[in-house]
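The file upload12.tsv comes next; it holds TSV, C-alpha atoms and all ligand atoms.
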chain	number	residue	atom	x	y	z
A	122	MET	CA	-3.19	-30.55	-6.64
A	123	LYS	CA	-4.64	-29.14	-9.86
A	124	THR	CA	-7.81	-27.09	-9.98
A	125	LEU	CA	-9.70	-25.93	-13.06
A	126	TRP	CA	-11.53	-22.62	-12.59
A	127	GLN	CA	-14.06	-21.86	-15.29
A	128	HIS	CA	-17.16	-19.92	-16.36
A	129	CYS	CA	-15.54	-16.55	-15.88
A	130	ASN	CA	-14.15	-13.53	-17.67
A	131	VAL	CA	-10.65	-12.49	-16.70
A	132	ALA	CA	-9.02	-9.06	-16.45
A	133	SER	CA	-5.51	-10.43	-16.00
A	134	MET	CA	-3.82	-6.99	-15.72
A	135	ALA	CA	-0.80	-8.35	-17.63
A	136	SER	CA	1.38	-5.35	-18.59
A	137	GLY	CA	-0.84	-3.11	-16.49
A	138	THR	CA	-3.87	-3.16	-18.80
A	139	TYR	CA	-7.15	-5.05	-18.41
A	140	SER	CA	-5.92	-7.73	-20.87
A	141	ILE	CA	-9.38	-9.24	-20.97
A	142	ILE	CA	-10.00	-12.90	-21.70
A	143	GLU	CA	-13.71	-13.60	-22.22
A	144	ASP	CA	-15.20	-16.98	-21.39
A	145	ALA	CA	-11.91	-17.88	-19.74
A	146	ALA	CA	-10.54	-20.69	-17.65
A	147	MET	CA	-7.57	-20.98	-15.35
A	148	VAL	CA	-5.64	-23.99	-14.10
A	149	THR	CA	-3.91	-23.68	-10.76
A	150	SER	CA	-1.41	-26.18	-9.47
A	151	GLY	CA	-0.91	-25.71	-5.74
A	152	ALA	CA	-0.27	-22.02	-5.13
A	153	HIS	CA	0.54	-21.14	-8.74
A	154	ILE	CA	-1.15	-20.46	-12.07
A	155	GLU	CA	-0.30	-23.22	-14.51
A	156	TRP	CA	-2.46	-22.21	-17.42
A	157	ILE	CA	-4.82	-19.34	-18.32
A	158	GLY	CA	-6.76	-18.69	-21.52
A	159	ARG	CA	-10.01	-19.30	-23.40
A	160	ARG	CA	-12.10	-22.04	-21.84
A	161	SER	CA	-12.44	-23.78	-25.21
A	162	GLU	CA	-8.64	-24.18	-25.24
A	163	ALA	CA	-8.19	-25.39	-21.68
A	164	PRO	CA	-5.95	-28.46	-21.47
A	165	ALA	CA	-7.80	-31.69	-20.81
A	166	GLY	CA	-6.52	-33.00	-17.52
A	167	ASP	CA	-7.10	-34.96	-14.44
A	168	TYR	CA	-8.24	-32.14	-12.19
A	169	ALA	CA	-8.67	-32.73	-8.48
A	170	GLN	CA	-11.32	-30.01	-8.47
A	171	VAL	CA	-13.38	-28.15	-11.06
A	172	LYS	CA	-14.71	-24.81	-9.80
A	173	ASP	CA	-17.61	-23.01	-11.45
A	174	LEU	CA	-17.22	-19.24	-11.07
A	175	ALA	CA	-20.76	-18.54	-12.31
A	176	GLY	CA	-19.89	-15.85	-14.82
A	177	ALA	CA	-17.73	-13.81	-12.43
A	178	TRP	CA	-15.09	-11.28	-13.49
A	179	VAL	CA	-11.73	-12.48	-12.18
A	180	THR	CA	-9.00	-9.95	-11.29
A	181	PRO	CA	-5.71	-10.30	-9.44
A	182	GLY	CA	-6.09	-9.96	-5.67
A	183	PHE	CA	-5.76	-6.36	-4.56
A	184	ILE	CA	-2.38	-5.24	-3.24
A	185	ASP	CA	-2.47	-2.30	-0.82
A	186	CYS	CA	1.14	-1.11	-1.12
A	187	HIS	CA	1.18	1.73	1.45
A	188	THR	CA	-0.46	1.45	4.88
A	189	HIS	CA	0.29	2.35	8.48
A	190	THR	CA	-2.16	-0.26	9.84
A	191	VAL	CA	-0.52	-0.74	13.26
A	192	PHE	CA	-1.10	2.10	15.75
A	193	GLY	CA	-2.60	2.78	19.17
A	194	GLY	CA	-5.74	4.85	19.70
A	195	ASN	CA	-7.23	6.89	16.91
A	196	ARG	CA	-7.72	10.57	16.13
A	197	SER	CA	-11.45	10.91	15.47
A	198	GLY	CA	-11.55	13.37	18.39
A	199	GLU	CA	-9.07	15.60	16.57
A	200	PHE	CA	-11.12	15.29	13.41
A	201	GLU	CA	-14.11	16.60	15.34
A	202	GLN	CA	-12.04	19.43	16.86
A	203	ARG	CA	-10.75	20.50	13.48
A	204	LEU	CA	-14.29	20.68	12.15
A	205	GLN	CA	-15.09	22.97	15.08
A	206	GLY	CA	-12.34	25.33	13.94
A	207	VAL	CA	-9.31	24.25	15.97
A	208	SER	CA	-6.27	24.36	13.69
A	209	TYR	CA	-3.88	21.46	13.06
A	210	ALA	CA	-1.07	23.60	14.55
A	211	GLU	CA	-3.07	24.25	17.74
A	212	ILE	CA	-3.82	20.54	18.06
A	213	ALA	CA	-0.14	19.72	17.58
A	214	ALA	CA	0.91	22.39	20.12
A	215	ALA	CA	-1.45	20.76	22.63
A	216	GLY	CA	0.35	17.43	22.15
A	217	GLY	CA	-1.97	16.08	19.46
A	218	GLY	CA	-1.22	14.94	15.92
A	219	ILE	CA	1.40	12.27	15.26
A	220	ALA	CA	2.72	12.78	18.83
A	221	SER	CA	-0.56	11.57	20.31
A	222	THR	CA	-0.52	8.43	18.17
A	223	VAL	CA	3.10	7.82	19.20
A	224	ARG	CA	2.13	8.06	22.90
A	225	ALA	CA	-0.81	5.68	22.44
A	226	THR	CA	1.30	3.24	20.41
A	227	ARG	CA	4.13	3.23	22.94
A	228	ALA	CA	1.63	2.61	25.77
A	229	ALA	CA	-0.12	-0.29	24.00
A	230	SER	CA	0.98	-3.91	24.44
A	231	GLU	CA	1.91	-6.07	21.49
A	232	ASP	CA	-1.36	-8.01	21.90
A	233	GLU	CA	-3.42	-4.82	21.98
A	234	LEU	CA	-1.74	-3.50	18.84
A	235	PHE	CA	-2.26	-6.86	17.13
A	236	ALA	CA	-5.97	-6.96	18.03
A	237	SER	CA	-6.74	-3.45	16.76
A	238	ALA	CA	-4.63	-3.82	13.60
A	239	LYS	CA	-6.22	-7.20	12.84
A	240	LYS	CA	-9.68	-5.63	12.78
A	241	ARG	CA	-8.55	-2.88	10.42
A	242	LEU	CA	-6.76	-5.36	8.18
A	243	GLN	CA	-9.83	-7.60	8.03
A	244	ASN	CA	-11.75	-4.71	6.47
A	245	LEU	CA	-9.20	-4.68	3.66
A	246	LEU	CA	-9.22	-8.46	3.26
A	247	ARG	CA	-13.00	-8.59	3.01
A	248	GLU	CA	-12.64	-6.34	-0.03
A	249	GLY	CA	-10.28	-8.67	-1.87
A	250	VAL	CA	-6.85	-7.56	-0.61
A	251	THR	CA	-4.43	-10.51	-0.76
A	252	SER	CA	-1.14	-8.61	-0.20
A	253	VAL	CA	-0.46	-5.57	1.93
A	254	GLU	CA	2.47	-3.43	2.97
A	255	ILE	CA	2.49	-2.18	6.56
A	256	LYS	CA	4.87	0.42	7.95
A	257	SER	CA	6.13	1.00	11.44
A	258	GLY	CA	6.67	4.65	12.37
A	259	TYR	CA	4.49	5.36	15.40
A	260	GLY	CA	7.04	3.95	17.87
A	261	LEU	CA	10.10	6.08	17.11
A	262	ASP	CA	12.34	4.28	19.60
A	263	LEU	CA	13.98	0.90	19.17
A	264	ALA	CA	11.70	-1.06	21.53
A	265	SER	CA	8.49	0.47	20.19
A	266	GLU	CA	9.45	0.15	16.51
A	267	ARG	CA	10.39	-3.48	17.20
A	268	LYS	CA	7.01	-4.03	18.86
A	269	ILE	CA	5.17	-2.69	15.81
A	270	LEU	CA	7.28	-4.68	13.35
A	271	ARG	CA	6.67	-7.87	15.35
A	272	VAL	CA	2.93	-7.19	15.16
A	273	ILE	CA	3.29	-6.73	11.39
A	274	ARG	CA	5.02	-10.11	11.07
A	275	ARG	CA	2.35	-11.73	13.24
A	276	LEU	CA	-0.45	-10.31	11.07
A	277	GLY	CA	1.19	-11.97	8.07
A	278	ALA	CA	1.51	-15.27	9.93
A	279	GLU	CA	-2.06	-15.39	11.26
A	280	LEU	CA	-4.19	-13.85	8.49
A	281	PRO	CA	-4.63	-15.01	4.88
A	282	VAL	CA	-2.60	-12.17	3.38
A	283	SER	CA	0.99	-11.69	2.24
A	284	VAL	CA	2.49	-8.91	4.35
A	285	ARG	CA	5.54	-6.79	3.54
A	286	SER	CA	6.96	-4.86	6.47
A	287	THR	CA	8.56	-1.45	6.07
A	288	CYS	CA	10.57	0.33	8.77
A	289	LEU	CA	9.51	3.98	8.89
A	290	ALA	CA	11.51	5.02	11.96
A	291	ALA	CA	12.20	8.30	10.09
A	292	HIS	CA	8.52	9.29	10.18
A	293	ALA	CA	8.66	12.08	12.77
A	294	LEU	CA	11.02	13.38	15.42
A	295	PRO	CA	10.36	11.68	18.78
A	296	PRO	CA	10.08	14.03	21.80
A	297	GLU	CA	13.36	12.73	23.32
A	298	TYR	CA	15.20	14.12	20.29
A	299	ALA	CA	13.47	17.53	20.09
A	300	GLU	CA	15.77	19.97	18.25
A	301	ARG	CA	18.21	17.09	17.58
A	302	ALA	CA	16.98	15.61	14.32
A	303	ASP	CA	20.49	14.72	13.12
A	304	ASP	CA	21.13	12.77	16.30
A	305	TYR	CA	17.90	10.84	15.77
A	306	ILE	CA	18.94	10.05	12.19
A	307	ASP	CA	22.30	8.78	13.57
A	308	HIS	CA	20.39	6.58	16.02
A	309	ILE	CA	18.25	5.18	13.18
A	310	CYS	CA	21.25	4.49	10.94
A	311	HIS	CA	23.61	3.06	13.54
A	312	GLU	CA	21.33	1.33	16.02
A	313	MET	CA	17.72	0.89	15.00
A	314	LEU	CA	18.05	-0.31	11.40
A	315	PRO	CA	20.94	-2.72	12.02
A	316	ALA	CA	19.18	-4.27	15.03
A	317	LEU	CA	15.75	-4.56	13.41
A	318	ALA	CA	17.18	-5.88	10.15
A	319	ALA	CA	19.23	-8.49	12.03
A	320	GLU	CA	16.02	-9.69	13.67
A	321	GLY	CA	14.48	-10.25	10.24
A	322	LEU	CA	11.74	-7.71	10.85
A	323	VAL	CA	12.34	-5.40	7.89
A	324	ASP	CA	11.63	-5.87	4.17
A	325	ALA	CA	12.16	-2.22	3.15
A	326	VAL	CA	13.00	1.18	4.64
A	327	ASP	CA	10.91	4.34	4.24
A	328	ALA	CA	11.22	7.96	5.43
A	329	PHE	CA	9.09	11.10	5.45
A	330	CYS	CA	10.84	13.82	3.42
A	331	GLU	CA	9.08	17.08	4.26
A	332	TYR	CA	9.85	20.42	5.85
A	333	LEU	CA	7.96	19.30	8.96
A	334	ALA	CA	9.73	15.92	9.05
A	335	PHE	CA	13.19	15.16	7.58
A	336	SER	CA	15.35	16.97	5.00
A	337	PRO	CA	16.62	15.35	1.80
A	338	ALA	CA	20.13	15.24	3.35
A	339	GLN	CA	18.81	13.38	6.40
A	340	VAL	CA	16.78	11.01	4.24
A	341	GLU	CA	19.85	10.30	2.15
A	342	ARG	CA	21.71	9.11	5.24
A	343	VAL	CA	18.86	6.71	6.02
A	344	PHE	CA	18.97	5.42	2.43
A	345	VAL	CA	22.73	4.82	2.61
A	346	ALA	CA	22.33	2.90	5.87
A	347	ALA	CA	19.43	0.85	4.47
A	348	GLN	CA	21.30	-0.07	1.32
A	349	ALA	CA	24.38	-1.06	3.33
A	350	LEU	CA	22.09	-3.60	5.02
A	351	GLY	CA	20.83	-4.78	1.63
A	352	LEU	CA	17.36	-3.31	2.12
A	353	PRO	CA	15.36	-1.56	-0.62
A	354	VAL	CA	14.11	1.96	0.05
A	355	LYS	CA	10.88	3.94	-0.47
A	356	LEU	CA	9.97	7.54	0.34
A	357	HIS	CA	7.07	9.76	1.41
A	358	ALA	CA	7.84	12.69	-0.89
A	359	GLU	CA	6.30	15.90	-2.20
A	360	GLN	CA	3.14	15.56	-0.08
A	361	LEU	CA	2.99	19.12	1.22
A	362	SER	CA	5.85	20.88	-0.55
A	363	SER	CA	8.47	20.33	-3.24
A	364	LEU	CA	11.82	19.19	-1.83
A	365	HIS	CA	12.56	16.87	-4.78
A	366	GLY	CA	12.54	13.84	-2.52
A	367	SER	CA	11.18	11.87	-5.45
A	368	SER	CA	14.32	12.63	-7.48
A	369	LEU	CA	16.42	11.63	-4.48
A	370	ALA	CA	14.42	8.39	-4.26
A	371	ALA	CA	15.08	7.79	-7.96
A	372	ARG	CA	18.83	8.27	-7.45
A	373	TYR	CA	18.72	5.48	-4.88
A	374	HIS	CA	16.60	3.27	-7.16
A	375	ALA	CA	13.81	3.35	-4.62
A	376	LEU	CA	10.96	0.90	-5.15
A	377	SER	CA	8.52	3.82	-4.91
A	378	ALA	CA	8.01	7.46	-4.06
A	379	ASP	CA	4.62	8.10	-2.50
A	380	HIS	CA	2.10	11.01	-2.31
A	381	LEU	CA	3.78	13.29	-4.95
A	382	GLU	CA	1.19	16.09	-5.22
A	383	PHE	CA	3.98	18.69	-5.40
A	384	MET	CA	6.41	16.82	-7.67
A	385	THR	CA	7.78	18.42	-10.85
A	386	GLU	CA	8.16	17.06	-14.36
A	387	ASP	CA	11.91	16.65	-13.78
A	388	ASP	CA	11.12	14.46	-10.78
A	389	ALA	CA	8.85	12.35	-13.02
A	390	ILE	CA	11.64	11.97	-15.58
A	391	ALA	CA	14.05	10.82	-12.87
A	392	MET	CA	11.52	8.30	-11.55
A	393	ALA	CA	10.82	6.95	-15.03
A	394	GLN	CA	14.53	6.42	-15.62
A	395	SER	CA	15.03	4.52	-12.38
A	396	GLY	CA	11.79	2.50	-12.59
A	397	THR	CA	10.61	3.98	-9.30
A	398	VAL	CA	6.82	3.57	-8.95
A	399	ALA	CA	4.63	6.61	-8.18
A	400	VAL	CA	2.26	5.61	-5.37
A	401	LEU	CA	-0.72	7.97	-5.25
A	402	LEU	CA	-2.75	8.23	-2.05
A	403	PRO	CA	-6.14	9.76	-2.77
A	404	GLY	CA	-7.40	9.13	0.79
A	405	ALA	CA	-4.85	11.57	2.27
A	406	PHE	CA	-5.47	14.06	-0.54
A	407	TYR	CA	-9.20	13.96	0.23
A	408	PHE	CA	-9.00	13.92	4.02
A	409	LEU	CA	-6.62	16.93	4.08
A	410	ARG	CA	-8.78	18.67	1.47
A	411	GLU	CA	-5.63	19.15	-0.60
A	412	THR	CA	-6.09	21.06	-3.84
A	413	GLN	CA	-2.70	20.50	-5.48
A	414	LEU	CA	-3.10	17.52	-7.83
A	415	PRO	CA	-0.28	15.10	-8.60
A	416	PRO	CA	1.05	15.76	-12.13
A	417	MET	CA	-0.83	12.98	-13.90
A	418	GLU	CA	0.09	14.11	-17.41
A	419	ALA	CA	3.83	14.22	-16.63
A	420	LEU	CA	3.66	10.78	-15.01
A	421	ARG	CA	1.84	9.34	-18.03
A	422	LYS	CA	4.00	11.13	-20.59
A	423	HIS	CA	7.23	9.78	-19.12
A	424	GLY	CA	5.84	6.30	-18.51
A	425	VAL	CA	6.11	6.25	-14.72
A	426	LYS	CA	4.19	3.27	-13.34
A	427	ILE	CA	1.39	4.51	-11.08
A	428	ALA	CA	0.11	2.63	-8.03
A	429	VAL	CA	-2.78	3.57	-5.74
A	430	ALA	CA	-2.95	2.76	-2.03
A	431	SER	CA	-5.01	3.49	1.08
A	432	ASP	CA	-2.29	5.11	3.27
A	433	LEU	CA	-4.43	3.73	6.11
A	434	ASN	CA	-3.32	5.86	9.09
A	435	PRO	CA	-5.05	7.64	11.99
A	436	GLY	CA	-4.06	11.20	11.07
A	437	THR	CA	-4.51	11.83	7.38
A	438	SER	CA	-6.21	8.80	5.82
A	439	PRO	CA	-8.39	6.65	8.08
A	440	ALA	CA	-9.26	4.59	5.00
A	441	LEU	CA	-10.51	1.03	5.45
A	442	SER	CA	-11.43	0.50	1.80
A	443	VAL	CA	-9.23	0.01	-1.24
A	444	ARG	CA	-12.27	0.14	-3.53
A	445	LEU	CA	-13.09	3.60	-2.23
A	446	MET	CA	-9.49	4.55	-3.12
A	447	LEU	CA	-10.11	3.28	-6.67
A	448	ASN	CA	-13.08	5.60	-6.95
A	449	MET	CA	-11.18	8.56	-5.48
A	450	ALA	CA	-8.22	7.95	-7.81
A	451	CYS	CA	-10.69	8.34	-10.67
A	452	THR	CA	-12.81	11.20	-9.33
A	453	CYS	CA	-10.00	13.21	-7.68
A	454	PHE	CA	-7.00	12.41	-9.92
A	455	ARG	CA	-8.86	11.64	-13.17
A	456	MET	CA	-7.29	8.21	-13.47
A	457	THR	CA	-9.23	5.76	-15.60
A	458	PRO	CA	-10.77	2.72	-13.86
A	459	GLU	CA	-8.23	0.62	-15.80
A	460	GLU	CA	-5.28	2.71	-14.54
A	461	ALA	CA	-6.69	2.60	-11.01
A	462	LEU	CA	-7.05	-1.20	-11.13
A	463	ALA	CA	-3.46	-1.53	-12.39
A	464	GLY	CA	-2.59	0.73	-9.45
A	465	VAL	CA	-3.81	-1.80	-6.89
A	466	THR	CA	-2.54	-4.87	-8.75
A	467	LEU	CA	0.53	-4.98	-11.04
A	468	HIS	CA	1.96	-1.55	-10.24
A	469	ALA	CA	1.36	-2.02	-6.52
A	470	ALA	CA	3.29	-5.29	-6.77
A	471	LYS	CA	6.16	-3.41	-8.40
A	472	ALA	CA	6.07	-0.80	-5.61
A	473	LEU	CA	6.78	-3.72	-3.24
A	474	GLY	CA	9.35	-5.45	-5.45
A	475	MET	CA	7.02	-8.43	-5.94
A	476	GLU	CA	5.95	-7.96	-9.57
A	477	GLN	CA	7.74	-11.13	-10.72
A	478	THR	CA	5.34	-13.24	-8.67
A	479	HIS	CA	2.24	-11.12	-7.95
A	480	GLY	CA	-0.01	-8.43	-9.37
A	481	SER	CA	-1.26	-10.05	-12.59
A	482	LEU	CA	-2.77	-13.37	-13.61
A	483	GLU	CA	-0.10	-15.01	-15.74
A	484	VAL	CA	1.41	-18.46	-15.98
A	485	GLY	CA	3.91	-19.06	-13.20
A	486	LYS	CA	2.61	-16.33	-10.92
A	487	VAL	CA	1.00	-16.90	-7.54
A	488	ALA	CA	-2.73	-17.74	-7.75
A	489	ASP	CA	-4.08	-14.80	-5.74
A	490	PHE	CA	-7.31	-13.65	-7.34
A	491	VAL	CA	-10.83	-12.40	-6.74
A	492	ALA	CA	-13.93	-13.57	-8.64
A	493	TRP	CA	-16.38	-10.66	-8.58
A	494	GLN	CA	-20.08	-10.79	-9.43
A	495	ILE	CA	-19.99	-7.55	-11.42
A	496	ASP	CA	-20.97	-6.47	-14.92
A	497	ARG	CA	-17.58	-5.17	-16.00
A	498	PRO	CA	-14.19	-4.33	-14.40
A	499	ALA	CA	-15.06	-0.60	-14.17
A	500	ASP	CA	-17.65	-1.53	-11.50
A	501	LEU	CA	-14.75	-1.92	-9.06
A	502	ALA	CA	-13.96	1.81	-9.26
A	503	TYR	CA	-17.57	2.87	-9.71
A	504	TRP	CA	-19.44	1.76	-6.58
A	505	LEU	CA	-18.85	3.93	-3.52
A	506	GLY	CA	-18.35	1.50	-0.69
A	507	GLY	CA	-20.71	-1.37	0.02
A	508	ASP	CA	-19.82	-5.02	-0.16
A	509	LEU	CA	-19.63	-6.53	-3.65
A	510	GLU	CA	-20.35	-10.25	-3.89
A	511	LYS	CA	-17.08	-12.04	-4.45
A	512	ARG	CA	-14.93	-15.11	-3.85
A	513	VAL	CA	-11.31	-14.59	-2.77
A	514	VAL	CA	-8.61	-17.12	-3.68
A	515	ARG	CA	-5.16	-16.95	-2.15
A	516	HIS	CA	-2.33	-19.31	-3.09
A	517	GLY	CA	-4.85	-21.31	-5.11
A	518	VAL	CA	-7.19	-21.87	-2.17
A	519	GLU	CA	-10.51	-20.13	-1.52
A	520	VAL	CA	-10.38	-18.13	1.71
A	521	THR	CA	-13.05	-16.72	3.98
A	522	VAL	CA	-12.18	-13.51	5.80
B	1	LIG	N1	2.26	11.38	5.74
B	1	LIG	C1	1.04	11.46	6.24
B	1	LIG	O1	0.10	11.97	5.73
B	1	LIG	C2	1.04	10.74	7.49
B	1	LIG	N2	2.37	10.31	7.61
B	1	LIG	C3	3.03	10.70	6.57
B	1	LIG	O2	4.21	10.43	6.42
B	1	LIG	C4	0.58	11.49	8.68
B	1	LIG	C5	0.46	10.54	9.80
B	1	LIG	C6	-0.31	11.08	10.96
B	1	LIG	O3	-0.77	12.23	10.99
B	1	LIG	O4	-0.47	10.26	11.90
B	2	FE	FE	1.94	7.24	4.55

Give the structure from this file in C-alpha cells form.
Ligand code: DI6
Ligand code: FE
Amino acid sequence: MKTLWQHCNVASMASGTYSIIEDAAMVTSGAHIEWIGRRSEAPAGDYAQVKDLAGAWVTPGFIDCHTHTVFGGNRSGEFEQRLQGVSYAEIAAAGGGIASTVRATRAASEDELFASAKKRLQNLLREGVTSVEIKSGYGLDLASERKILRVIRRLGAELPVSVRSTCLAAHALPPEYAERADDYIDHICHEMLPALAAEGLVDAVDAFCEYLAFSPAQVERVFVAAQALGLPVKLHAEQLSSLHGSSLAARYHALSADHLEFMTEDDAIAMAQSGTVAVLLPGAFYFLRETQLPPMEALRKHGVKIAVASDLNPGTSPALSVRLMLNMACTCFRMTPEEALAGVTLHAAKALGMEQTHGSLEVGKVADFVAWQIDRPADLAYWLGGDLEKRVVRHGVEVTV
C-alpha cells in the first residue's frame, strides 16, 4: 500500500547531518520509504492514502541506543539519602546501590518486570522513540538474566517499537561470587551466554569495564566468548577512570563504547579506525555531577561517530526523556543540536548495527519517522521537557502510544 506524505519539511539526517529538504514529500510503500524529495517533484501515482502533515518538520524516529529499562524497584530513596549526606560507599556497604536493584529484580516476577518496564518505555515512545536497545544486567544469574531478556523480547512484541536486546551479565559481581570475579566471568562465558544465545534472547553482549566492576582482561574473555557465538559486542568504558576499555572495544570491532568521559585521544583514534561508535550518556554525567567531560574535540577530529542515549537506569540515570538528553548533550557536552540529533538517529542506529535500515530518511530504509509541529530542528534540543505536538509513524503506519 502506497502513501504520499506531504506539506512538510524534512531533516533526513542522511550522512549524519540535517540534510534538509524544504517543502518536501515522501512516498512510503508498506514499511519502507520508496521516494523522498521536493514535493513539486513527487512521482504522480495511485496512492492509497495522501497524508497532510500540516507544515511539520519530519525527522527519523528517535533511537535510544543504551538503556537498562528492565529492573525491579527504584532508588529514589537512595537519592534522598545521598542528598542528606550519606555517601555512595556507605549506601553500598549497607546493601544499597546496584545490589539493591539486583535483589528487587530477582524477587520480581516476569509480569511485574514487564509492567514496570512498559510504563517507563511508554514515556520514551511518547517522545518519538521508534527503536530502543535494552540491556539485562540486574539479574546476574542465569535464571534472572533469562527473565529480564524474556521481558525485553516481550516489550518488542507488544509495543510499537523495535527492540534490540543486549546481555549485560558482566555488569557487577553477584553476591554469590564475592571475591571470585574470574569464576563469575567463567560462568558467563561457558554457561550463561551459550544458553541465552541458544534461546534467541541476545542480539549483542556488553560489559562494564571499570575498577569497581570488571578488568580489561576479564572483559576480553567475555568478548571472545560472545564472538565465538557470533554476537557483536559493546562496552561501558572510561566512565569513572581510564582503563582503555574503549581501545579494547575497538580491537574487537565493538559496535560501540559508551560513557567515555575519561577516554584519551589514542582511544579515540582506535575507535575511529574500527568504526566503533562513541555513545555519550549525559544523563549519567549530570546525575553523578561528574566534572570530567568526554573529549569532544578528539572525537570530532578523528571522525568518531557520536551517539547520545538515555542510559535509563535506577542508579545513575533515571532518565525518561530522550529530548532532555538532547538538551544535556548540548548544554553539558557542547554538542550542536545537529550533532545531538544525529546522535539519537543515524549514529544511534550504527551503535546498534542497524544503520543500513534505520536512522535516516532515505529510499529503501524503514519508514520510522516523527512529524513535529516545531519551528526548526533545533527546537528538539532546545525545549526542556514538556510534550511537543507530534505524529509518530512506525513501519509506514501512524501509531498512538
Ligand atoms: N554504569 C552506570 O552508571 C550504571 N551501570 C553502569 O554500567 C550504574 C547502574 C546502577 O547504579 O544501578
Ligand atoms: Fe549503562

Distance table requested - segment 357-472 of chain A against segment 483-498 of chain A, cut-off 12 Å, all atoms listed in the file: one row per qualifying residue with the closest atom pair and its distance in Å to one decimal, ordered by chain and rising residue number, as a Markdown table.
| residue | atom | partner | partner_atom | distance |
| --- | --- | --- | --- | --- |
| A:Arg444 | CA | A:Pro498 | CA | 11.9 |
| A:Leu447 | CA | A:Pro498 | CA | 11.6 |
| A:Thr457 | CA | A:Pro498 | CA | 11.3 |
| A:Pro458 | CA | A:Pro498 | CA | 7.9 |
| A:Glu459 | CA | A:Pro498 | CA | 7.9 |
| A:Glu460 | CA | A:Pro498 | CA | 11.4 |
| A:Ala461 | CA | A:Pro498 | CA | 10.8 |
| A:Leu462 | CA | A:Pro498 | CA | 8.5 |
| A:Ala463 | CA | A:Pro498 | CA | 11.3 |
| A:Thr466 | CA | A:Phe490 | CA | 10.1 |
| A:Leu467 | CA | A:Glu483 | CA | 11.1 |
| A:Ala470 | CA | A:Lys486 | CA | 11.8 |

Next, the residues of the selection above should be written as a PDB file, keeping the file's coordinate frame with C-alpha atoms.
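Result file follows (out.pdb):
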ATOM      1  CA  ARG A 444     -12.270   0.140  -3.530  1.00  0.00           C
ATOM      2  CA  LEU A 447     -10.110   3.280  -6.670  1.00  0.00           C
ATOM      3  CA  THR A 457      -9.230   5.760 -15.600  1.00  0.00           C
ATOM      4  CA  PRO A 458     -10.770   2.720 -13.860  1.00  0.00           C
ATOM      5  CA  GLU A 459      -8.230   0.620 -15.800  1.00  0.00           C
ATOM      6  CA  GLU A 460      -5.280   2.710 -14.540  1.00  0.00           C
ATOM      7  CA  ALA A 461      -6.690   2.600 -11.010  1.00  0.00           C
ATOM      8  CA  LEU A 462      -7.050  -1.200 -11.130  1.00  0.00           C
ATOM      9  CA  ALA A 463      -3.460  -1.530 -12.390  1.00  0.00           C
ATOM     10  CA  THR A 466      -2.540  -4.870  -8.750  1.00  0.00           C
ATOM     11  CA  LEU A 467       0.530  -4.980 -11.040  1.00  0.00           C
ATOM     12  CA  ALA A 470       3.290  -5.290  -6.770  1.00  0.00           C
TER      13      ALA A 470
END

Name each residue within 6 Å of ligand LIG 1 (chain B), counting all atoms listed in the file, as a ChimeraX atom specification. /A:218-219,292,329,357,434-437

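Counting all atoms listed in the file, Glu382 of chain A has the following residues at most 7 Å away, ignoring those fewer than 2 positions along the same chain: Glu359, Gln360, His380, Met384, Gln413, Leu414, Pro415 and Pro416 of chain A.
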
Let me see the file: selected residues, C-alpha atoms, as a compact mmCIF listing (two decimals), in the coordinates of the input.
# COMPACT_ATOMS: atom_id res chain seq x y z
CA GLU A 359 6.30 15.90 -2.20
CA GLN A 360 3.14 15.56 -0.08
CA HIS A 380 2.10 11.01 -2.31
CA MET A 384 6.41 16.82 -7.67
CA GLN A 413 -2.70 20.50 -5.48
CA LEU A 414 -3.10 17.52 -7.83
CA PRO A 415 -0.28 15.10 -8.60
CA PRO A 416 1.05 15.76 -12.13

Expected selection as a PyMOL selection string for ligand FE 2 (chain B) within 12 Å, all atoms listed in the file: chain A and resi 185-190+219+254-259+287-289+291-293+327-330+355-360+378-381+400-406+429-440

Those same residues, written as a short mmCIF file (atom, residue, chain, number, x, y, z; two decimals), keeping the file's coordinate frame with C-alpha atoms?
data_model
loop_
_atom_site.label_atom_id
_atom_site.label_comp_id
_atom_site.auth_asym_id
_atom_site.auth_seq_id
_atom_site.Cartn_x
_atom_site.Cartn_y
_atom_site.Cartn_z
CA ASP A 185 -2.47 -2.30 -0.82
CA CYS A 186 1.14 -1.11 -1.12
CA HIS A 187 1.18 1.73 1.45
CA THR A 188 -0.46 1.45 4.88
CA HIS A 189 0.29 2.35 8.48
CA THR A 190 -2.16 -0.26 9.84
CA ILE A 219 1.40 12.27 15.26
CA GLU A 254 2.47 -3.43 2.97
CA ILE A 255 2.49 -2.18 6.56
CA LYS A 256 4.87 0.42 7.95
CA SER A 257 6.13 1.00 11.44
CA GLY A 258 6.67 4.65 12.37
CA TYR A 259 4.49 5.36 15.40
CA THR A 287 8.56 -1.45 6.07
CA CYS A 288 10.57 0.33 8.77
CA LEU A 289 9.51 3.98 8.89
CA ALA A 291 12.20 8.30 10.09
CA HIS A 292 8.52 9.29 10.18
CA ALA A 293 8.66 12.08 12.77
CA ASP A 327 10.91 4.34 4.24
CA ALA A 328 11.22 7.96 5.43
CA PHE A 329 9.09 11.10 5.45
CA CYS A 330 10.84 13.82 3.42
CA LYS A 355 10.88 3.94 -0.47
CA LEU A 356 9.97 7.54 0.34
CA HIS A 357 7.07 9.76 1.41
CA ALA A 358 7.84 12.69 -0.89
CA GLU A 359 6.30 15.90 -2.20
CA GLN A 360 3.14 15.56 -0.08
CA ALA A 378 8.01 7.46 -4.06
CA ASP A 379 4.62 8.10 -2.50
CA HIS A 380 2.10 11.01 -2.31
CA LEU A 381 3.78 13.29 -4.95
CA VAL A 400 2.26 5.61 -5.37
CA LEU A 401 -0.72 7.97 -5.25
CA LEU A 402 -2.75 8.23 -2.05
CA PRO A 403 -6.14 9.76 -2.77
CA GLY A 404 -7.40 9.13 0.79
CA ALA A 405 -4.85 11.57 2.27
CA PHE A 406 -5.47 14.06 -0.54
CA VAL A 429 -2.78 3.57 -5.74
CA ALA A 430 -2.95 2.76 -2.03
CA SER A 431 -5.01 3.49 1.08
CA ASP A 432 -2.29 5.11 3.27
CA LEU A 433 -4.43 3.73 6.11
CA ASN A 434 -3.32 5.86 9.09
CA PRO A 435 -5.05 7.64 11.99
CA GLY A 436 -4.06 11.20 11.07
CA THR A 437 -4.51 11.83 7.38
CA SER A 438 -6.21 8.80 5.82
CA PRO A 439 -8.39 6.65 8.08
CA ALA A 440 -9.26 4.59 5.00
#
